[in-house]
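Just protein_13.pdb here, PDB, C-alpha atoms, pLDDT in the B column:
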```pdb
ATOM      1  CA  SER A 439      53.251  23.231 281.276  1.00 80.00           C
ATOM      2  CA  SER A 440      55.573  26.016 280.065  1.00 87.00           C
ATOM      3  CA  ARG A 441      55.210  26.398 276.271  1.00 86.00           C
ATOM      4  CA  GLY A 442      52.104  24.233 276.348  1.00 89.00           C
ATOM      5  CA  THR A 443      50.347  26.893 278.408  1.00 92.00           C
ATOM      6  CA  VAL A 444      51.048  29.442 275.665  1.00 90.00           C
ATOM      7  CA  LEU A 445      49.465  27.195 273.053  1.00 87.00           C
ATOM      8  CA  SER A 446      46.361  26.536 275.134  1.00 90.00           C
ATOM      9  CA  TRP A 447      45.865  30.002 276.656  1.00 93.00           C
ATOM     10  CA  LYS A 448      43.768  31.605 273.920  1.00 86.00           C
ATOM     11  CA  GLU A 449      41.757  28.427 273.365  1.00 86.00           C
ATOM     12  CA  ALA A 450      40.943  28.304 277.069  1.00 88.00           C
ATOM     13  CA  HIS A 451      39.661  31.899 277.028  1.00 87.00           C
ATOM     14  CA  ARG A 452      37.130  31.589 274.221  1.00 84.00           C
ATOM     15  CA  ASN A 453      34.252  31.590 276.724  1.00 83.00           C
ATOM     16  CA  ASP A 454      33.379  27.938 276.197  1.00 83.00           C
ATOM     17  CA  PRO A 455      31.078  26.894 279.096  1.00 78.00           C
ATOM     18  CA  GLY A 456      32.569  23.414 278.871  1.00 78.00           C
ATOM     19  CA  ILE A 457      35.946  24.735 280.075  1.00 85.00           C
ATOM     20  CA  LYS A 458      35.654  24.759 283.862  1.00 82.00           C
ATOM     21  CA  GLY A 459      39.191  25.707 284.827  1.00 89.00           C
ATOM     22  CA  LEU A 460      42.884  25.961 283.945  1.00 92.00           C
ATOM     23  CA  TYR A 461      45.599  24.190 285.924  1.00 93.00           C
ATOM     24  CA  MET A 462      49.002  25.291 284.642  1.00 94.00           C
ATOM     25  CA  TYR A 463      52.572  24.558 285.702  1.00 94.00           C
ATOM     26  CA  ASN A 464      55.199  27.260 284.983  1.00 94.00           C
ATOM     27  CA  ALA A 465      52.558  29.130 283.011  1.00 95.00           C
ATOM     28  CA  LEU A 466      53.238  31.763 280.360  1.00 95.00           C
ATOM     29  CA  PRO A 467      57.073  31.878 280.347  1.00 94.00           C
ATOM     30  CA  SER A 468      58.995  35.001 279.384  1.00 93.00           C
ATOM     31  CA  GLY A 469      58.703  34.346 275.645  1.00 91.00           C
ATOM     32  CA  ALA A 470      54.950  34.929 275.864  1.00 93.00           C
ATOM     33  CA  TRP A 471      55.552  38.529 276.911  1.00 93.00           C
ATOM     34  CA  GLY A 472      57.976  39.597 274.186  1.00 87.00           C
ATOM     35  CA  ASP A 473      55.779  41.746 271.918  1.00 86.00           C
ATOM     36  CA  SER A 474      52.633  43.163 273.502  1.00 85.00           C
ATOM     37  CA  THR A 475      51.536  44.691 270.185  1.00 87.00           C
ATOM     38  CA  PHE A 476      51.265  41.170 268.774  1.00 89.00           C
ATOM     39  CA  TRP A 477      49.868  39.382 271.830  1.00 91.00           C
ATOM     40  CA  HIS A 478      49.443  40.278 275.486  1.00 94.00           C
ATOM     41  CA  PRO A 479      48.070  37.406 277.638  1.00 95.00           C
ATOM     42  CA  PRO A 480      46.054  39.582 280.080  1.00 95.00           C
ATOM     43  CA  ASN A 481      44.030  40.933 277.156  1.00 95.00           C
ATOM     44  CA  ASP A 482      42.436  37.500 276.739  1.00 94.00           C
ATOM     45  CA  VAL A 483      41.006  37.571 280.262  1.00 94.00           C
ATOM     46  CA  THR A 484      37.338  38.553 280.459  1.00 93.00           C
ATOM     47  CA  GLU A 485      34.659  38.412 283.134  1.00 92.00           C
ATOM     48  CA  GLN A 486      33.706  35.005 281.723  1.00 90.00           C
ATOM     49  CA  SER A 487      37.224  33.557 282.040  1.00 92.00           C
ATOM     50  CA  PRO A 488      37.496  30.219 283.864  1.00 90.00           C
ATOM     51  CA  ASN A 489      39.080  29.506 287.236  1.00 90.00           C
ATOM     52  CA  ILE A 490      42.875  29.399 287.109  1.00 93.00           C
ATOM     53  CA  PHE A 491      45.447  27.621 289.277  1.00 92.00           C
ATOM     54  CA  PHE A 492      49.100  28.483 288.583  1.00 94.00           C
ATOM     55  CA  VAL A 493      51.954  26.402 290.026  1.00 93.00           C
ATOM     56  CA  TYR A 494      55.581  27.589 289.759  1.00 94.00           C
ATOM     57  CA  LYS A 495      58.826  25.926 290.763  1.00 91.00           C
ATOM     58  CA  ARG A 496      60.668  29.107 291.680  1.00 90.00           C
ATOM     59  CA  GLU A 497      59.880  32.223 293.690  1.00 91.00           C
ATOM     60  CA  PRO A 498      58.733  35.589 292.234  1.00 92.00           C
ATOM     61  CA  GLY A 499      61.563  37.540 290.621  1.00 92.00           C
ATOM     62  CA  CYS A 500      63.509  34.460 289.551  1.00 92.00           C
ATOM     63  CA  SER A 501      63.692  35.553 285.894  1.00 91.00           C
ATOM     64  CA  SER A 502      65.927  38.464 286.883  1.00 88.00           C
ATOM     65  CA  ASP A 503      68.275  36.325 288.981  1.00 88.00           C
ATOM     66  CA  SER A 504      71.724  37.217 287.614  1.00 88.00           C
ATOM     67  CA  ILE A 505      73.266  33.933 288.780  1.00 89.00           C
ATOM     68  CA  ASN A 506      70.564  31.432 287.895  1.00 88.00           C
ATOM     69  CA  PRO A 507      67.801  33.081 285.842  1.00 90.00           C
ATOM     70  CA  ASP A 508      64.600  31.219 285.060  1.00 92.00           C
ATOM     71  CA  ILE A 509      62.142  32.077 282.278  1.00 94.00           C
ATOM     72  CA  HIS A 510      59.307  30.716 284.439  1.00 94.00           C
ATOM     73  CA  ASP A 511      58.683  33.580 286.826  1.00 95.00           C
ATOM     74  CA  PRO A 512      55.621  33.610 289.127  1.00 94.00           C
ATOM     75  CA  ASN A 513      55.437  37.361 288.524  1.00 95.00           C
ATOM     76  CA  TYR A 514      53.917  36.548 285.125  1.00 95.00           C
ATOM     77  CA  GLY A 515      51.141  34.664 286.870  1.00 95.00           C
ATOM     78  CA  ILE A 516      50.683  37.564 289.273  1.00 95.00           C
ATOM     79  CA  ILE A 517      50.062  39.860 286.285  1.00 96.00           C
ATOM     80  CA  ILE A 518      47.186  37.573 285.289  1.00 96.00           C
ATOM     81  CA  GLN A 519      45.884  37.568 288.854  1.00 93.00           C
ATOM     82  CA  ASN A 520      45.903  41.361 288.820  1.00 94.00           C
ATOM     83  CA  ARG A 521      43.858  41.310 285.625  1.00 95.00           C
ATOM     84  CA  TYR A 522      41.278  39.055 287.307  1.00 93.00           C
ATOM     85  CA  SER A 523      41.182  41.483 290.227  1.00 91.00           C
ATOM     86  CA  ASP A 524      40.791  44.526 287.956  1.00 94.00           C
ATOM     87  CA  LEU A 525      37.754  42.882 286.354  1.00 93.00           C
ATOM     88  CA  GLY A 526      36.239  42.130 289.749  1.00 90.00           C
ATOM     89  CA  ILE A 527      36.636  38.369 289.328  1.00 87.00           C
ATOM     90  CA  ILE A 528      36.948  37.257 292.935  1.00 81.00           C
ATOM     91  CA  GLY A 529      37.960  33.828 294.211  1.00 81.00           C
ATOM     92  CA  LYS A 530      38.736  32.322 290.800  1.00 87.00           C
ATOM     93  CA  ASP A 531      42.536  32.676 290.741  1.00 90.00           C
ATOM     94  CA  THR A 532      45.187  30.827 292.763  1.00 91.00           C
ATOM     95  CA  LEU A 533      48.974  30.899 292.511  1.00 92.00           C
ATOM     96  CA  VAL A 534      51.533  28.855 294.443  1.00 91.00           C
ATOM     97  CA  HIS A 535      55.296  29.009 293.994  1.00 91.00           C
ATOM     98  CA  SER A 536      58.590  27.625 295.343  1.00 90.00           C
ATOM     99  CA  ILE A 537      57.353  24.027 295.275  1.00 88.00           C
ATOM    100  CA  GLY A 538      60.775  22.388 295.482  1.00 81.00           C
ATOM    101  CA  ASN A 539      62.314  19.995 292.997  1.00 78.00           C
ATOM    102  CA  SER A 540      59.232  19.932 290.747  1.00 77.00           C
ATOM    103  CA  THR A 541      58.841  16.205 290.343  1.00 78.00           C
ATOM    104  CA  ASN A 542      55.532  15.107 288.854  1.00 76.00           C
ATOM    105  CA  THR A 543      54.135  14.806 292.375  1.00 74.00           C
ATOM    106  CA  ASP A 544      55.096  18.404 293.118  1.00 81.00           C
ATOM    107  CA  ARG A 545      53.730  19.755 289.866  1.00 86.00           C
ATOM    108  CA  TYR A 546      50.355  18.118 290.146  1.00 82.00           C
ATOM    109  CA  GLN A 547      49.906  17.841 293.903  1.00 79.00           C
ATOM    110  CA  PHE A 548      47.063  20.386 293.805  1.00 80.00           C
ATOM    111  CA  LEU A 549      45.417  19.123 290.610  1.00 82.00           C
ATOM    112  CA  LEU A 550      42.869  16.769 292.135  1.00 76.00           C
ATOM    113  CA  GLU A 551      41.650  19.312 294.661  1.00 74.00           C
ATOM    114  CA  PHE A 552      41.410  21.965 291.933  1.00 81.00           C
ATOM    115  CA  ALA A 553      39.502  19.634 289.610  1.00 79.00           C
ATOM    116  CA  LEU A 554      37.026  18.798 292.350  1.00 73.00           C
ATOM    117  CA  SER A 555      36.613  22.484 293.167  1.00 72.00           C
ATOM    118  CA  VAL A 556      35.371  23.314 289.658  1.00 74.00           C
ATOM    119  CA  ILE A 557      32.952  20.400 289.291  1.00 65.00           C
ATOM    120  CA  ASP A 558      29.462  21.661 288.521  1.00 52.00           C
ATOM    121  CA  PRO A 559      27.878  22.186 291.959  1.00 45.00           C
ATOM    122  CA  CYS A 560      24.508  21.137 290.511  1.00 39.00           C
ATOM    123  CA  LEU A 561      25.759  17.563 290.208  1.00 39.00           C
ATOM    124  CA  PRO A 562      24.835  15.397 293.231  1.00 40.00           C
ATOM    125  CA  ALA A 563      27.927  14.761 295.345  1.00 42.00           C
ATOM    126  CA  ASN A 564      27.119  11.120 296.061  1.00 42.00           C
ATOM    127  CA  ILE A 565      25.546   9.911 292.826  1.00 40.00           C
ATOM    128  CA  GLU A 566      26.413   6.398 291.674  1.00 45.00           C
ATOM    129  CA  SER A 567      26.447   4.961 288.177  1.00 45.00           C
ATOM    130  CA  GLU A 568      23.291   3.242 286.977  1.00 45.00           C
ATOM    131  CA  ASN A 569      25.490   0.258 286.148  1.00 49.00           C
ATOM    132  CA  SER A 570      27.210   0.168 289.522  1.00 56.00           C
ATOM    133  CA  ASN A 571      26.907  -2.993 291.614  1.00 63.00           C
ATOM    134  CA  LEU A 572      27.146  -0.854 294.751  1.00 73.00           C
ATOM    135  CA  GLN A 573      23.748   0.703 295.316  1.00 69.00           C
ATOM    136  CA  ARG A 574      22.458   3.728 297.230  1.00 74.00           C
ATOM    137  CA  ILE A 575      25.858   5.029 298.257  1.00 83.00           C
ATOM    138  CA  ASN A 576      25.412   7.734 300.871  1.00 88.00           C
ATOM    139  CA  ILE A 577      27.988   9.813 302.751  1.00 90.00           C
ATOM    140  CA  TYR A 578      26.868  11.993 305.636  1.00 92.00           C
ATOM    141  CA  PRO A 579      27.491  14.520 306.948  1.00 93.00           C
ATOM    142  CA  ASN A 580      29.465  15.863 304.016  1.00 88.00           C
ATOM    143  CA  PRO A 581      31.031  18.364 304.647  1.00 89.00           C
ATOM    144  CA  SER A 582      31.972  17.193 308.131  1.00 93.00           C
ATOM    145  CA  ASN A 583      34.352  18.409 310.817  1.00 93.00           C
ATOM    146  CA  ASP A 584      35.372  14.911 311.933  1.00 95.00           C
ATOM    147  CA  ILE A 585      33.195  11.831 311.272  1.00 96.00           C
ATOM    148  CA  PHE A 586      31.938  10.634 307.878  1.00 95.00           C
ATOM    149  CA  ASN A 587      29.308   7.891 307.788  1.00 95.00           C
ATOM    150  CA  ILE A 588      29.577   5.646 304.727  1.00 94.00           C
ATOM    151  CA  VAL A 589      26.493   3.651 303.715  1.00 92.00           C
ATOM    152  CA  PHE A 590      25.860   1.412 300.712  1.00 90.00           C
ATOM    153  CA  ASN A 591      24.531  -2.037 299.879  1.00 89.00           C
ATOM    154  CA  THR A 592      25.164  -4.804 297.393  1.00 88.00           C
ATOM    155  CA  ASN A 593      23.043  -7.846 296.611  1.00 85.00           C
ATOM    156  CA  THR A 594      25.886  -9.982 295.270  1.00 86.00           C
ATOM    157  CA  LYS A 595      28.944 -11.252 297.125  1.00 89.00           C
ATOM    158  CA  LYS A 596      32.106  -9.379 296.237  1.00 90.00           C
ATOM    159  CA  ASP A 597      35.465  -8.297 297.603  1.00 93.00           C
ATOM    160  CA  ILE A 598      35.461  -4.558 298.279  1.00 93.00           C
ATOM    161  CA  ASP A 599      38.416  -2.366 299.213  1.00 93.00           C
ATOM    162  CA  LEU A 600      37.700   0.987 300.865  1.00 94.00           C
ATOM    163  CA  ARG A 601      40.445   3.593 300.772  1.00 92.00           C
ATOM    164  CA  VAL A 602      40.697   7.243 301.692  1.00 92.00           C
ATOM    165  CA  HIS A 603      43.472   9.361 300.158  1.00 87.00           C
ATOM    166  CA  ASN A 604      44.443  12.971 300.591  1.00 83.00           C
ATOM    167  CA  VAL A 605      44.912  15.106 297.470  1.00 73.00           C
ATOM    168  CA  SER A 606      48.615  14.208 297.364  1.00 69.00           C
ATOM    169  CA  GLY A 607      47.674  10.549 296.972  1.00 74.00           C
ATOM    170  CA  GLU A 608      48.728   9.505 300.486  1.00 82.00           C
ATOM    171  CA  LEU A 609      46.642   6.635 301.879  1.00 89.00           C
ATOM    172  CA  ILE A 610      45.158   7.579 305.260  1.00 93.00           C
ATOM    173  CA  PHE A 611      42.495   4.881 305.712  1.00 95.00           C
ATOM    174  CA  SER A 612      41.835   1.429 304.282  1.00 94.00           C
ATOM    175  CA  GLU A 613      39.544  -1.512 304.939  1.00 95.00           C
ATOM    176  CA  SER A 614      39.031  -4.732 302.981  1.00 95.00           C
ATOM    177  CA  LEU A 615      35.727  -6.611 302.848  1.00 95.00           C
ATOM    178  CA  LYS A 616      35.824 -10.241 301.699  1.00 95.00           C
ATOM    179  CA  ASP A 617      32.772 -11.798 300.025  1.00 93.00           C
ATOM    180  CA  PHE A 618      30.664  -8.927 301.291  1.00 93.00           C
ATOM    181  CA  ASN A 619      26.924  -9.004 300.684  1.00 91.00           C
ATOM    182  CA  GLY A 620      24.229  -6.801 302.215  1.00 91.00           C
ATOM    183  CA  ASN A 621      24.187  -3.417 303.911  1.00 92.00           C
ATOM    184  CA  PHE A 622      27.396  -1.590 304.794  1.00 93.00           C
ATOM    185  CA  ASN A 623      27.464   1.149 307.429  1.00 94.00           C
ATOM    186  CA  ARG A 624      30.778   2.456 308.744  1.00 93.00           C
ATOM    187  CA  SER A 625      32.050   5.666 310.344  1.00 96.00           C
ATOM    188  CA  ILE A 626      35.426   7.064 309.309  1.00 96.00           C
ATOM    189  CA  ASP A 627      37.093   9.479 311.712  1.00 96.00           C
ATOM    190  CA  LEU A 628      39.245  12.164 310.044  1.00 95.00           C
ATOM    191  CA  SER A 629      39.423  14.438 313.085  1.00 95.00           C
ATOM    192  CA  GLN A 630      43.222  14.172 313.260  1.00 94.00           C
ATOM    193  CA  TYR A 631      43.615  15.585 309.750  1.00 93.00           C
ATOM    194  CA  SER A 632      43.520  19.173 308.533  1.00 89.00           C
ATOM    195  CA  SER A 633      40.674  20.777 306.606  1.00 87.00           C
ATOM    196  CA  ALA A 634      40.843  19.737 302.958  1.00 84.00           C
ATOM    197  CA  ILE A 635      39.198  17.600 300.310  1.00 83.00           C
ATOM    198  CA  TYR A 636      39.785  13.852 300.633  1.00 87.00           C
ATOM    199  CA  ILE A 637      38.868  11.052 298.242  1.00 86.00           C
ATOM    200  CA  LEU A 638      36.970   7.932 299.254  1.00 89.00           C
ATOM    201  CA  GLN A 639      37.633   5.113 296.803  1.00 87.00           C
ATOM    202  CA  LEU A 640      35.558   1.919 296.601  1.00 88.00           C
ATOM    203  CA  ASN A 641      37.281  -0.821 294.603  1.00 87.00           C
ATOM    204  CA  THR A 642      35.806  -4.083 293.348  1.00 86.00           C
ATOM    205  CA  LYS A 643      37.018  -6.350 290.562  1.00 84.00           C
ATOM    206  CA  ASP A 644      34.434  -4.735 288.278  1.00 79.00           C
ATOM    207  CA  GLU A 645      34.655  -1.037 289.083  1.00 79.00           C
ATOM    208  CA  ILE A 646      36.304   1.810 290.953  1.00 76.00           C
ATOM    209  CA  LEU A 647      34.120   4.528 292.457  1.00 81.00           C
ATOM    210  CA  ASN A 648      35.510   7.812 293.800  1.00 79.00           C
ATOM    211  CA  LYS A 649      33.616  10.072 296.191  1.00 84.00           C
ATOM    212  CA  LYS A 650      34.596  13.451 297.588  1.00 83.00           C
ATOM    213  CA  LEU A 651      34.892  13.959 301.360  1.00 88.00           C
ATOM    214  CA  VAL A 652      35.014  17.598 302.456  1.00 86.00           C
ATOM    215  CA  LEU A 653      36.615  18.068 305.872  1.00 89.00           C
ATOM    216  CA  GLU A 654      35.913  21.513 307.336  1.00 88.00           C
ATOM    217  CA  LYS A 655      36.971  22.478 310.861  1.00 82.00           C
TER     218      LYS A 655
END
```

Please re-express this file's structure in structure tokens.
Amino acid sequence: SSRGTVLSWKEAHRNDPGIKGLYMYNALPSGAWGDSTFWHPPNDVTEQSPNIFFVYKREPGCSSDSINPDIHDPNYGIIIQNRYSDLGIIGKDTLVHSIGNSTNTDRYQFLLEFALSVIDPCLPANIESENSNLQRINIYPNPSNDIFNIVFNTNTKKDIDLRVHNVSGELIFSESLKDFNGNFNRSIDLSQYSSAIYILQLNTKDEILNKKLVLEK
């Protein structure tokens, strides 16, 4: 966040295919814009630049507030967004502002959803580890507009906790299985919730598996 975004900005724009996206809080404060002949952040943006997600505490124009100025102005992020637009980079930039008291929860409330959004789409959504004791995990339909069917099996008795969280970490579903062995098949109804990405978590004493649930209405 803040000065840290200045230090990482150029590194993140060196066209490394391993860099999938940038999530930045209070990005590129006023000090980064002091001498454009020395460095101008938009000049680092190219057509190969990664997805960006900017989060700001205050509203646009806050740096010029005569009573309570703030060096972290969303207008700086908007300049970067305009650069993306000028290059024809569509759908890869997001900016949110005025997020309240900026506790850690506020700052990073969008991080999980952003991270999931930039995962390589070629990776299977429901793949399990070769070393996992939970086998053939399947979630269908996914995306869904209401019901998700969860299927897996295990050939050894174990306690399993199923949990579904929203991207803010709020628990919206849970079920505990004691000494479970065999085939599991359960439907989870998310029809009362809004369209978003949710996380299904399967916990045993040996492992924690996370799966993405995409609710689209």

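Here CA of Asn648 in chain A and CA of Ile575 in chain A stand 11.0 Å from one another.
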
Counting only C-alpha atoms, the option among A:Ser501, A:Ser555, A:Gln639, A:Asn604 closest to Tyr514 in chain A:
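Among A:Ser501, A:Ser555, A:Gln639, A:Asn604, it is A:Ser501 that comes nearest to Tyr514 in chain A.
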
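Comparing the minimum interatomic distances between Tyr636 in chain A and each of A:Asn623, A:Thr592, A:Asn580, A:Thr484, counting all atoms listed in the file, we find that A:Asn580 sits nearest.
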
Neighbours of Ser633 in chain A within 10 Å (all atoms listed in the file; same-chain residues fewer than 2 positions away dropped), as number ranges by chain?
A: 582-584, 628-631, 635-636, 652-655

For each of A:Ser468, A:Arg574, A:Lys596, A:Ile588, take the minimum atom-to-atom distance to Ser625 in chain A, counting all atoms listed in the file, then give the residue where this is smallest.
A:Ile588

Run through the PyMOL selection byres ((chain A and resi 450) around 12) on the given coordinates and return the selected residues as a CSV table (one decimal) with C-alpha atoms, keeping the file's coordinate frame.
```
chain,number,residue,atom,x,y,z
A,442,GLY,CA,52.1,24.2,276.3
A,443,THR,CA,50.3,26.9,278.4
A,444,VAL,CA,51.0,29.4,275.7
A,445,LEU,CA,49.5,27.2,273.1
A,446,SER,CA,46.4,26.5,275.1
A,447,TRP,CA,45.9,30.0,276.7
A,448,LYS,CA,43.8,31.6,273.9
A,449,GLU,CA,41.8,28.4,273.4
A,451,HIS,CA,39.7,31.9,277.0
A,452,ARG,CA,37.1,31.6,274.2
A,453,ASN,CA,34.3,31.6,276.7
A,454,ASP,CA,33.4,27.9,276.2
A,455,PRO,CA,31.1,26.9,279.1
A,456,GLY,CA,32.6,23.4,278.9
A,457,ILE,CA,35.9,24.7,280.1
A,458,LYS,CA,35.7,24.8,283.9
A,459,GLY,CA,39.2,25.7,284.8
A,460,LEU,CA,42.9,26.0,283.9
A,461,TYR,CA,45.6,24.2,285.9
A,462,MET,CA,49.0,25.3,284.6
A,479,PRO,CA,48.1,37.4,277.6
A,482,ASP,CA,42.4,37.5,276.7
A,483,VAL,CA,41.0,37.6,280.3
A,484,THR,CA,37.3,38.6,280.5
A,486,GLN,CA,33.7,35.0,281.7
A,487,SER,CA,37.2,33.6,282.0
A,488,PRO,CA,37.5,30.2,283.9
A,489,ASN,CA,39.1,29.5,287.2
A,490,ILE,CA,42.9,29.4,287.1
```

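Residues with any atom within 9 Å of the point (53.6, 26.2, 282.0), counting all atoms listed in the file, are Ser439, Ser440, Arg441, Gly442, Thr443, Val444, Met462, Tyr463, Asn464, Ala465, Leu466, Pro467, Phe492, Val493, Tyr494 and His510 of chain A.
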
Output check: residues returned by the PyMOL selection byres ((chain A and resi 642) around 8), as a count of residues only
10

Non-local contacts of Gly607 in chain A (10 Å; all atoms listed in the file; under 3 positions in same chain excluded) as a PyMOL selection string
chain A and resi 543+547+550+602-604+610+636-637

Using all atoms listed in the file, which protein or nucleic acid residues come within 8 Å of Lys495 in chain A? Drop anything in the same chain fewer than 2 positions from it, and give the result as number ranges by chain.
A: 464, 493, 497, 510, 535-540

What does the distance between CA of Ile518 in chain A and CA of Glu551 in chain A come to in Å, to one decimal place?
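Here the two named atoms are 21.3 Å from each other.
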
Pick from A:Ser632, A:Asn593, A:Asn576, A:Ser612: nearest to Lys650 in chain A, with only C-alpha atoms counted?
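Nearest to Lys650 in chain A: A:Asn576.
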
CA of Pro480 in chain A and CA of Ile517 in chain A, how far apart in Å?
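So the answer is 7.4 Å.
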
Nearest to Leu600 in chain A among A:Ser474, A:Gln519, A:Ser504, A:Ser614, with distances taken over all atoms listed in the file: which residue is it?
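The closest residue to Leu600 in chain A is A:Ser614.
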
Choose the residue, out of A:Asn542, A:Thr594, A:Asn506, A:Asn587, that has the smallest atom-to-atom separation from Leu638 in chain A; count all atoms listed in the file.
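Checking each of A:Asn542, A:Thr594, A:Asn506, A:Asn587 against Leu638 in chain A, counting all atoms listed in the file, the winner is A:Asn587.
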
Step by step, work through what the PyMOL selection byres ((chain A and resi 617) around 7) selects in the shown file, and finish by giving those residues as an mmCIF file with C-alpha atoms, keeping the file's coordinate frame.
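Okay, part-v9.cif is ready:
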```cif
data_model
loop_
_atom_site.group_PDB
_atom_site.id
_atom_site.type_symbol
_atom_site.label_atom_id
_atom_site.label_comp_id
_atom_site.auth_asym_id
_atom_site.auth_seq_id
_atom_site.Cartn_x
_atom_site.Cartn_y
_atom_site.Cartn_z
ATOM 1 C CA LYS A 595 28.944 -11.252 297.125
ATOM 2 C CA LYS A 596 32.106 -9.379 296.237
ATOM 3 C CA ASP A 597 35.465 -8.297 297.603
ATOM 4 C CA LEU A 615 35.727 -6.611 302.848
ATOM 5 C CA LYS A 616 35.824 -10.241 301.699
ATOM 6 C CA PHE A 618 30.664 -8.927 301.291
ATOM 7 C CA ASN A 619 26.924 -9.004 300.684
#
```

Range 576-587 of chain A, all listed atoms, 6 Å padding on each side: what axis-aligned box centre and edge lengths in Å to one decimal come out, as lines of an AutoDock Vina configuration file?
```
center_x = 30.4
center_y = 13.1
center_z = 306.4
size_x = 22.0
size_y = 22.7
size_z = 23.1
```
